[in-house]
Amino acid sequence: MSKRTARRENAVGPTANFLIHSIFTAVSIACIVPLVLVIVISFTSETSIINHGYLFWPEQWSLKSYDFLFKDASTVFRAYGVSIGLTVVGTLINILIMGLYAYPLSRRDLPYRQIFSFLLVFVLLFNGGTVTKYIVYTRILHIGDSYLALLLPLLMLPFYVIVMRTFFQTTIHPAILESAKIDGAGEFRIFAKIIIPLSLPVFATVALFSTINYWNDWFNALLFINDANKLPLQYLMIKVMNDVQFIKDRMDQVAQMNLNLSELPSETLRMAMVVVGIGPIVLSYPFFQRFFIKGLTVGSVKG
Amino acid sequence: MATQTSIDRTVYADKKDRPLVYRQRGATTLARNLMTYKALYVMFIPGLLVLLVNNYLPIFGVFVAFKDVNYIDGIFGSPWVGFHNFEFLFSNDDAIRAVRNTVLYSVTFMSLTTVFAVTVGLLFNELRSRLFAKVYQSLMILPYFFSMVVVSYLVLAFLSPQGGFINVILKSMGIAEIDWYSSSQYWPTIFIVITLWKNVGYSAVVYIAGMAGIDPEYYEAAVIDGASRWQQAKSITLPMIRPLIIILTLLSMANIFVSDFGLFYQVTLNSGILYDTTDVIDTFVYRSLINLNDIGMASAAALLQSTVGFALVLSSNVVVRKISKEDSLF
């Protein structure tokens, strides 16, 4: 109670408070305005754009681009499937491998753990570059043009392993592990039954970043994937950016005949793809957000 | 010290092992340790394999930078050429321009993002309403989660030569439209705006998290001494997050020669007219790899990036350690 009064007294004055709120309102609006513009464009009619350009309040609204996108959406849906599959599988393997690496690192009693710590941190500071990685993937492992080439590059991210390690060290008391051991639990059992349930915030944080990484990855597809059936959504978006015809060519003939050819959307179609592409991120973000500030706070700051 | 003993007790499942481990040296100790902690070492294996494939094999592969790679002899059979690839890199005007652009952009982005993020963090610290704080925070981080491909579309919506929003505004004000994708002089500003828009929110959250960890007693003592909020921010909050600022800056030093490929390649639509201000080492390397198939030069550039970054981290760490030891990275 006394703390609360102290806090209320110890605050900026009303003018400064108003000013700060104005600044944050402006910043927040600036952060979402581009997104709003793209969403509006995707619902604008093509003729409206040709006559007036991109506007926040278009002359004529239209659903044609989405109509077109979903009428024969095999290309888009395929890419969606690739992205979703990759993201889900990637994230699950990701948090498991990184958690398994982070747990022994968090054990201060483990001999030689500095070696493993060094092996991890060194790659943060020095890397061989894209070219040699490309050679390793295509000439030594022969996994070019396969899903593995999209999965593997993002599997171990040292920074998040360190975040996890720090979280384990600061939130899980060694006494808990000790008592588990007295009860006869092995290390893997301790990891599954104690570490994971007690570290949900940090697992959620890392899972969020892993999800984002896999969902947003296009660079590895640019390097390794040629097969049009294996394109993830982000890379499909690049292809469409360069040539909106890419997607039209792949639409079903019948679907095209049902539309007046002159009304085939292209500008709006591109933007509709973006909206479809960021949908899952924007929708899943509030669910993760609950955890991730806590995970980041404990994990990275007290390191 | 007390915790150390309690941990030591957890270590050895079998208590009679303890004195033995301390007494024995060399191979026996190694074998015994490996046996005692077998399960924990096994846990490292999947991660180590991934590190090996993703990071260590490519690091061992940097010898390519000293070879003249051709397809007839293959990578291992191609002749050694010493530092020829590096000489070629430095005699190439485009490469020098790319290096200049990369460093200038990295330094600008790094310093501006830090300044803005710390400022936003300090202002955020003054917010009294939890609800508003949450809403602002959510909206500010959102851009960080967009891929550069999405960003390139967002930028296109504003700058498109066919009816981009900014040109619509310029036109309505009677100002001549600008062909953004062929006017290189505007791109430094555009890049700065995009980078700040995308990263400041996230970066600020990291600093806000750091500020949340400051002991409230400092502020209570300051209030008793009659310090204003401004004085508290200047004399308590800022000094308390200084180690965090230094560590994050040190880490980003490693990437001073590396730039966000997506920003400079996708967002500019790889427009050749813009190269004067938009070509950076990464895009240059990518082009020499794809168009010229020059593996030697591309990996020489990459090796240079890593080495310089590594040297910078080490040397700036030495400097930081000289100034204040507790703030250094290692």
# chains A, B, ... in the order shown; residues from 1 in each chain; ligands from 1
>>> residues_around(residues="Ile20 (chain A)", least_positions_apart="5", cutoff="10 Å", atoms="only C-alpha atoms", output="PDB file with all heavy atoms, in the first residue's frame")
ATOM      1  N   VAL A  12       5.737  11.211 -13.537  1.00  0.00           N
ATOM      2  CA  VAL A  12       5.834  12.448 -14.311  1.00  0.00           C
ATOM      3  C   VAL A  12       4.532  13.234 -14.166  1.00  0.00           C
ATOM      4  O   VAL A  12       3.471  12.667 -13.877  1.00  0.00           O
ATOM      5  CB  VAL A  12       6.105  12.157 -15.796  1.00  0.00           C
ATOM      6  CG1 VAL A  12       7.507  11.624 -15.956  1.00  0.00           C
ATOM      7  CG2 VAL A  12       5.079  11.208 -16.357  1.00  0.00           C
ATOM      8  N   PRO A  14       1.233  15.675 -15.334  1.00  0.00           N
ATOM      9  CA  PRO A  14       0.194  15.414 -16.342  1.00  0.00           C
ATOM     10  C   PRO A  14       0.595  15.852 -17.756  1.00  0.00           C
ATOM     11  O   PRO A  14       0.275  15.154 -18.722  1.00  0.00           O
ATOM     12  CB  PRO A  14      -1.017  16.199 -15.828  1.00  0.00           C
ATOM     13  CG  PRO A  14      -0.532  17.042 -14.707  1.00  0.00           C
ATOM     14  CD  PRO A  14       0.759  16.498 -14.232  1.00  0.00           C
ATOM     15  N   THR A  15       1.307  16.977 -17.868  1.00  0.00           N
ATOM     16  CA  THR A  15       1.701  17.445 -19.207  1.00  0.00           C
ATOM     17  C   THR A  15       2.662  16.448 -19.839  1.00  0.00           C
ATOM     18  O   THR A  15       2.471  16.021 -20.979  1.00  0.00           O
ATOM     19  CB  THR A  15       2.392  18.830 -19.132  1.00  0.00           C
ATOM     20  OG1 THR A  15       1.843  19.543 -18.045  1.00  0.00           O
ATOM     21  CG2 THR A  15       2.257  19.559 -20.426  1.00  0.00           C
ATOM     22  N   THR A  25       1.392   6.850 -29.034  1.00  0.00           N
ATOM     23  CA  THR A  25       0.297   6.657 -29.981  1.00  0.00           C
ATOM     24  C   THR A  25       0.815   6.817 -31.402  1.00  0.00           C
ATOM     25  O   THR A  25       0.529   5.998 -32.281  1.00  0.00           O
ATOM     26  CB  THR A  25      -0.832   7.679 -29.705  1.00  0.00           C
ATOM     27  OG1 THR A  25      -1.110   7.670 -28.315  1.00  0.00           O
ATOM     28  CG2 THR A  25      -2.075   7.342 -30.484  1.00  0.00           C
ATOM     29  N   ALA A  26       1.616   7.866 -31.617  1.00  0.00           N
ATOM     30  CA  ALA A  26       2.152   8.106 -32.952  1.00  0.00           C
ATOM     31  C   ALA A  26       3.021   6.941 -33.404  1.00  0.00           C
ATOM     32  O   ALA A  26       2.889   6.450 -34.527  1.00  0.00           O
ATOM     33  CB  ALA A  26       2.954   9.406 -32.965  1.00  0.00           C
TER      34      ALA A  26
ATOM     35  N   VAL B 120      12.966   5.146 -26.292  1.00  0.00           N
ATOM     36  CA  VAL B 120      11.623   4.577 -26.177  1.00  0.00           C
ATOM     37  C   VAL B 120      11.486   3.832 -24.855  1.00  0.00           C
ATOM     38  O   VAL B 120      10.482   3.958 -24.153  1.00  0.00           O
ATOM     39  CB  VAL B 120      11.324   3.641 -27.375  1.00  0.00           C
ATOM     40  CG1 VAL B 120      10.075   2.818 -27.117  1.00  0.00           C
ATOM     41  CG2 VAL B 120      11.148   4.448 -28.642  1.00  0.00           C
ATOM     42  N   LEU B 123      11.088   6.322 -21.993  1.00  0.00           N
ATOM     43  CA  LEU B 123       9.741   6.902 -21.998  1.00  0.00           C
ATOM     44  C   LEU B 123       8.724   5.877 -21.519  1.00  0.00           C
ATOM     45  O   LEU B 123       7.806   6.184 -20.758  1.00  0.00           O
ATOM     46  CB  LEU B 123       9.378   7.379 -23.412  1.00  0.00           C
ATOM     47  CG  LEU B 123      10.101   8.616 -23.920  1.00  0.00           C
ATOM     48  CD1 LEU B 123       9.690   8.916 -25.352  1.00  0.00           C
ATOM     49  CD2 LEU B 123       9.787   9.810 -23.030  1.00  0.00           C
ATOM     50  N   PHE B 124       8.927   4.635 -21.965  1.00  0.00           N
ATOM     51  CA  PHE B 124       8.014   3.550 -21.603  1.00  0.00           C
ATOM     52  C   PHE B 124       7.981   3.367 -20.091  1.00  0.00           C
ATOM     53  O   PHE B 124       6.938   3.077 -19.513  1.00  0.00           O
ATOM     54  CB  PHE B 124       8.475   2.272 -22.289  1.00  0.00           C
ATOM     55  CG  PHE B 124       7.451   1.185 -22.288  1.00  0.00           C
ATOM     56  CD1 PHE B 124       6.546   1.072 -23.329  1.00  0.00           C
ATOM     57  CD2 PHE B 124       7.397   0.270 -21.255  1.00  0.00           C
ATOM     58  CE1 PHE B 124       5.596   0.075 -23.327  1.00  0.00           C
ATOM     59  CE2 PHE B 124       6.439  -0.729 -21.250  1.00  0.00           C
ATOM     60  CZ  PHE B 124       5.541  -0.826 -22.285  1.00  0.00           C
ATOM     61  N   GLU B 126       8.038   5.509 -17.951  1.00  0.00           N
ATOM     62  CA  GLU B 126       7.245   6.553 -17.300  1.00  0.00           C
ATOM     63  C   GLU B 126       5.753   6.322 -17.452  1.00  0.00           C
ATOM     64  O   GLU B 126       4.947   7.050 -16.879  1.00  0.00           O
ATOM     65  CB  GLU B 126       7.604   7.934 -17.879  1.00  0.00           C
ATOM     66  CG  GLU B 126       9.072   8.310 -17.769  1.00  0.00           C
ATOM     67  CD  GLU B 126       9.554   8.310 -16.336  1.00  0.00           C
ATOM     68  OE1 GLU B 126       8.771   8.638 -15.440  1.00  0.00           O
ATOM     69  OE2 GLU B 126      10.730   7.945 -16.114  1.00  0.00           O
ATOM     70  N   LEU B 127       5.366   5.338 -18.269  1.00  0.00           N
ATOM     71  CA  LEU B 127       3.935   5.099 -18.481  1.00  0.00           C
ATOM     72  C   LEU B 127       3.328   4.559 -17.199  1.00  0.00           C
ATOM     73  O   LEU B 127       3.878   3.664 -16.566  1.00  0.00           O
ATOM     74  CB  LEU B 127       3.732   4.090 -19.616  1.00  0.00           C
ATOM     75  CG  LEU B 127       3.949   4.610 -21.031  1.00  0.00           C
ATOM     76  CD1 LEU B 127       3.854   3.459 -22.015  1.00  0.00           C
ATOM     77  CD2 LEU B 127       2.927   5.671 -21.381  1.00  0.00           C
TER      78      LEU B 127
END
>>> interface_residues(of="chain A", to="chain B", cutoff="6 Å", atoms="only C-alpha atoms", output="ChimeraX atom specification")
/A:28,34,53-54,97,100-101,104,125-129,131-133,178,216,297,301
>>> select_by_dssp(residues="region 43-281 of chain A", states="helix (DSSP H, G or I)", output="VMD selection string")
chain A and resid 46 to 52 64 to 71 74 to 106 113 to 125 130 to 140 148 to 154 158 to 171 174 to 182 187 to 198 200 to 216 219 to 224 228 to 230 233 to 242 245 to 249 253 to 257 261 to 263 267 to 281
>>> atom_distance(atom1="CA of Thr75 (chain A)", atom2="CA of Ile225 (chain A)")
15.4 Å
>>> residues_around(residues="Val275 (chain A)", least_positions_apart="6", cutoff="12 Å", atoms="only C-alpha atoms", output="tab-separated table (two decimals) with all heavy atoms, in the first residue's frame")
chain	number	residue	atom	x	y	z
A	34	PRO	N	1.57	0.78	-42.43
A	34	PRO	CA	1.88	0.10	-43.69
A	34	PRO	C	1.05	-1.17	-43.90
A	34	PRO	O	0.62	-1.47	-45.01
A	34	PRO	CB	3.36	-0.25	-43.55
A	34	PRO	CG	3.88	0.69	-42.54
A	34	PRO	CD	2.76	0.94	-41.59
A	35	LEU	N	0.81	-1.88	-42.80
A	35	LEU	CA	0.02	-3.10	-42.87
A	35	LEU	C	-1.41	-2.79	-43.29
A	35	LEU	O	-1.99	-3.46	-44.15
A	35	LEU	CB	0.04	-3.77	-41.50
A	35	LEU	CG	-0.53	-5.17	-41.43
A	35	LEU	CD1	0.27	-6.09	-42.31
A	35	LEU	CD2	-0.53	-5.66	-39.99
A	36	VAL	N	-1.96	-1.73	-42.70
A	36	VAL	CA	-3.33	-1.31	-43.03
A	36	VAL	C	-3.41	-0.98	-44.51
A	36	VAL	O	-4.34	-1.41	-45.21
A	36	VAL	CB	-3.76	-0.10	-42.17
A	36	VAL	CG1	-5.11	0.42	-42.62
A	36	VAL	CG2	-3.77	-0.48	-40.70
A	37	LEU	N	-2.41	-0.25	-45.01
A	37	LEU	CA	-2.43	0.14	-46.43
A	37	LEU	C	-2.48	-1.10	-47.32
A	37	LEU	O	-3.28	-1.18	-48.25
A	37	LEU	CB	-1.20	0.99	-46.76
A	37	LEU	CG	-1.10	1.46	-48.21
A	37	LEU	CD1	-2.29	2.34	-48.59
A	37	LEU	CD2	0.20	2.21	-48.48
A	38	VAL	N	-1.63	-2.08	-46.99
A	38	VAL	CA	-1.58	-3.29	-47.82
A	38	VAL	C	-2.91	-4.04	-47.77
A	38	VAL	O	-3.42	-4.52	-48.79
A	38	VAL	CB	-0.40	-4.18	-47.39
A	38	VAL	CG1	-0.57	-5.58	-47.93
A	38	VAL	CG2	0.90	-3.59	-47.88
A	39	ILE	N	-3.50	-4.11	-46.59
A	39	ILE	CA	-4.80	-4.80	-46.46
A	39	ILE	C	-5.85	-4.08	-47.29
A	39	ILE	O	-6.61	-4.71	-48.03
A	39	ILE	CB	-5.22	-4.89	-44.98
A	39	ILE	CG1	-4.23	-5.78	-44.21
A	39	ILE	CG2	-6.63	-5.46	-44.85
A	39	ILE	CD1	-4.45	-5.83	-42.72
A	40	VAL	N	-5.87	-2.75	-47.19
A	40	VAL	CA	-6.84	-1.98	-47.96
A	40	VAL	C	-6.64	-2.20	-49.46
A	40	VAL	O	-7.59	-2.45	-50.20
A	40	VAL	CB	-6.76	-0.48	-47.61
A	40	VAL	CG1	-7.59	0.34	-48.59
A	40	VAL	CG2	-7.22	-0.24	-46.19
A	41	ILE	N	-5.38	-2.16	-49.91
A	41	ILE	CA	-5.12	-2.35	-51.33
A	41	ILE	C	-5.66	-3.71	-51.79
A	41	ILE	O	-6.23	-3.83	-52.87
A	41	ILE	CB	-3.61	-2.26	-51.64
A	41	ILE	CG1	-3.10	-0.86	-51.35
A	41	ILE	CG2	-3.33	-2.61	-53.10
A	41	ILE	CD1	-1.59	-0.75	-51.40
A	42	SER	N	-5.46	-4.73	-50.95
A	42	SER	CA	-5.89	-6.06	-51.37
A	42	SER	C	-7.41	-6.12	-51.55
A	42	SER	O	-7.91	-6.98	-52.27
A	42	SER	CB	-5.42	-7.11	-50.36
A	42	SER	OG	-6.18	-7.03	-49.18
A	43	PHE	N	-8.14	-5.20	-50.91
A	43	PHE	CA	-9.60	-5.18	-51.06
A	43	PHE	C	-10.07	-4.10	-52.03
A	43	PHE	O	-11.25	-3.80	-52.10
A	43	PHE	CB	-10.27	-4.95	-49.70
A	43	PHE	CG	-10.25	-6.16	-48.82
A	43	PHE	CD1	-9.40	-6.25	-47.73
A	43	PHE	CD2	-11.09	-7.24	-49.09
A	43	PHE	CE1	-9.38	-7.36	-46.92
A	43	PHE	CE2	-11.07	-8.37	-48.29
A	43	PHE	CZ	-10.21	-8.43	-47.20
A	65	SER	N	-9.55	-10.03	-55.88
A	65	SER	CA	-8.22	-10.63	-55.75
A	65	SER	C	-8.28	-11.91	-54.91
A	65	SER	O	-7.65	-12.91	-55.24
A	65	SER	CB	-7.25	-9.63	-55.13
A	65	SER	OG	-7.74	-9.19	-53.90
A	66	TYR	N	-9.07	-11.88	-53.84
A	66	TYR	CA	-9.19	-13.08	-52.99
A	66	TYR	C	-9.96	-14.17	-53.71
A	66	TYR	O	-9.64	-15.35	-53.63
A	66	TYR	CB	-9.87	-12.73	-51.67
A	66	TYR	CG	-9.00	-11.90	-50.78
A	66	TYR	CD1	-9.09	-10.52	-50.78
A	66	TYR	CD2	-8.05	-12.50	-49.98
A	66	TYR	CE1	-8.26	-9.75	-49.99
A	66	TYR	CE2	-7.22	-11.74	-49.17
A	66	TYR	CZ	-7.33	-10.36	-49.19
A	66	TYR	OH	-6.50	-9.62	-48.40
A	69	LEU	N	-7.53	-15.65	-55.94
A	69	LEU	CA	-6.51	-16.39	-55.20
A	69	LEU	C	-7.04	-17.74	-54.74
A	69	LEU	O	-6.33	-18.74	-54.76
A	69	LEU	CB	-6.08	-15.55	-53.99
A	69	LEU	CG	-4.68	-15.80	-53.42
A	69	LEU	CD1	-3.64	-15.53	-54.47
A	69	LEU	CD2	-4.46	-14.88	-52.24
A	233	LEU	N	5.92	-20.40	-48.74
A	233	LEU	CA	5.09	-19.24	-49.08
A	233	LEU	C	5.89	-17.96	-49.32
A	233	LEU	O	5.64	-17.22	-50.26
A	233	LEU	CB	4.08	-19.02	-47.95
A	233	LEU	CG	2.96	-18.06	-48.27
A	233	LEU	CD1	2.09	-18.58	-49.39
A	233	LEU	CD2	2.12	-17.80	-47.04
A	234	GLN	N	6.90	-17.72	-48.44
A	234	GLN	CA	7.66	-16.48	-48.58
A	234	GLN	C	8.38	-16.41	-49.93
A	234	GLN	O	8.48	-15.36	-50.55
A	234	GLN	CB	8.70	-16.36	-47.46
A	234	GLN	CG	8.12	-16.36	-46.07
A	234	GLN	CD	7.40	-15.06	-45.74
A	234	GLN	OE1	7.76	-14.01	-46.23
A	234	GLN	NE2	6.39	-15.15	-44.92
A	237	MET	N	6.07	-15.63	-52.64
A	237	MET	CA	5.79	-14.20	-52.66
A	237	MET	C	6.87	-13.44	-53.43
A	237	MET	O	6.58	-12.46	-54.12
A	237	MET	CB	5.67	-13.67	-51.23
A	237	MET	CG	4.29	-13.91	-50.66
A	237	MET	SD	4.16	-13.85	-48.87
A	237	MET	CE	4.75	-12.30	-48.45
A	268	THR	N	-3.54	-5.88	-56.90
A	268	THR	CA	-4.28	-6.26	-55.71
A	268	THR	C	-4.01	-7.72	-55.35
A	268	THR	O	-3.99	-8.08	-54.18
A	268	THR	CB	-5.79	-6.07	-55.90
A	268	THR	OG1	-6.20	-6.85	-57.02
A	268	THR	CG2	-6.11	-4.62	-56.14
A	269	LEU	N	-3.76	-8.54	-56.37
A	269	LEU	CA	-3.48	-9.95	-56.12
A	269	LEU	C	-2.20	-10.11	-55.29
A	269	LEU	O	-2.14	-10.90	-54.35
A	269	LEU	CB	-3.34	-10.69	-57.46
A	269	LEU	CG	-3.10	-12.18	-57.37
A	269	LEU	CD1	-4.30	-12.88	-56.77
A	269	LEU	CD2	-2.82	-12.75	-58.75
A	281	ILE	N	1.03	-15.28	-38.59
A	281	ILE	CA	1.92	-14.62	-37.64
A	281	ILE	C	1.12	-13.66	-36.77
A	281	ILE	O	1.19	-13.68	-35.55
A	281	ILE	CB	3.03	-13.84	-38.39
A	281	ILE	CG1	3.98	-14.80	-39.08
A	281	ILE	CG2	3.78	-12.91	-37.45
A	281	ILE	CD1	4.85	-15.57	-38.14
A	282	VAL	N	0.33	-12.82	-37.43
A	282	VAL	CA	-0.43	-11.82	-36.69
A	282	VAL	C	-1.44	-12.49	-35.76
A	282	VAL	O	-1.66	-12.05	-34.64
A	282	VAL	CB	-1.14	-10.86	-37.68
A	282	VAL	CG1	-2.01	-9.88	-36.93
A	282	VAL	CG2	-0.11	-10.11	-38.50
A	283	LEU	N	-2.02	-13.60	-36.21
A	283	LEU	CA	-3.02	-14.28	-35.39
A	283	LEU	C	-2.40	-15.02	-34.20
A	283	LEU	O	-2.97	-15.06	-33.13
A	283	LEU	CB	-3.84	-15.24	-36.25
A	283	LEU	CG	-4.75	-14.58	-37.28
A	283	LEU	CD1	-5.53	-15.63	-38.07
A	283	LEU	CD2	-5.72	-13.61	-36.62
B	146	PHE	N	7.76	-9.34	-39.17
B	146	PHE	CA	7.51	-9.44	-40.62
B	146	PHE	C	8.80	-9.83	-41.33
B	146	PHE	O	9.88	-9.34	-41.00
B	146	PHE	CB	7.03	-8.11	-41.18
B	146	PHE	CG	5.67	-7.69	-40.66
B	146	PHE	CD1	5.33	-6.36	-40.58
B	146	PHE	CD2	4.75	-8.64	-40.25
B	146	PHE	CE1	4.09	-5.98	-40.10
B	146	PHE	CE2	3.51	-8.27	-39.78
B	146	PHE	CZ	3.18	-6.93	-39.70
B	150	VAL	N	7.81	-9.54	-46.89
B	150	VAL	CA	6.60	-8.78	-46.57
B	150	VAL	C	6.94	-7.29	-46.54
B	150	VAL	O	6.21	-6.47	-47.10
B	150	VAL	CB	6.01	-9.25	-45.23
B	150	VAL	CG1	4.94	-8.29	-44.75
B	150	VAL	CG2	5.44	-10.65	-45.36
B	151	VAL	N	8.08	-6.96	-45.91
B	151	VAL	CA	8.48	-5.55	-45.86
B	151	VAL	C	8.62	-4.98	-47.27
B	151	VAL	O	8.20	-3.86	-47.54
B	151	VAL	CB	9.80	-5.39	-45.07
B	151	VAL	CG1	10.30	-3.96	-45.15
B	151	VAL	CG2	9.59	-5.78	-43.62
B	153	TYR	N	6.98	-5.74	-49.85
B	153	TYR	CA	5.65	-5.43	-50.36
B	153	TYR	C	5.08	-4.17	-49.71
B	153	TYR	O	4.46	-3.34	-50.36
B	153	TYR	CB	4.69	-6.60	-50.09
B	153	TYR	CG	4.76	-7.69	-51.13
B	153	TYR	CD1	5.58	-8.79	-50.97
B	153	TYR	CD2	3.97	-7.62	-52.28
B	153	TYR	CE1	5.63	-9.80	-51.91
B	153	TYR	CE2	4.01	-8.63	-53.23
B	153	TYR	CZ	4.84	-9.72	-53.04
B	153	TYR	OH	4.90	-10.71	-53.97
B	154	LEU	N	5.30	-4.05	-48.40
B	154	LEU	CA	4.82	-2.85	-47.70
B	154	LEU	C	5.46	-1.60	-48.29
B	154	LEU	O	4.80	-0.59	-48.53
B	154	LEU	CB	5.12	-2.93	-46.19
B	154	LEU	CG	4.51	-4.10	-45.42
B	154	LEU	CD1	4.90	-4.02	-43.94
B	154	LEU	CD2	3.00	-4.13	-45.53
>>> atom_distance(atom1="CA of Ala204 (chain B)", atom2="CA of Thr119 (chain B)")
8.1 Å
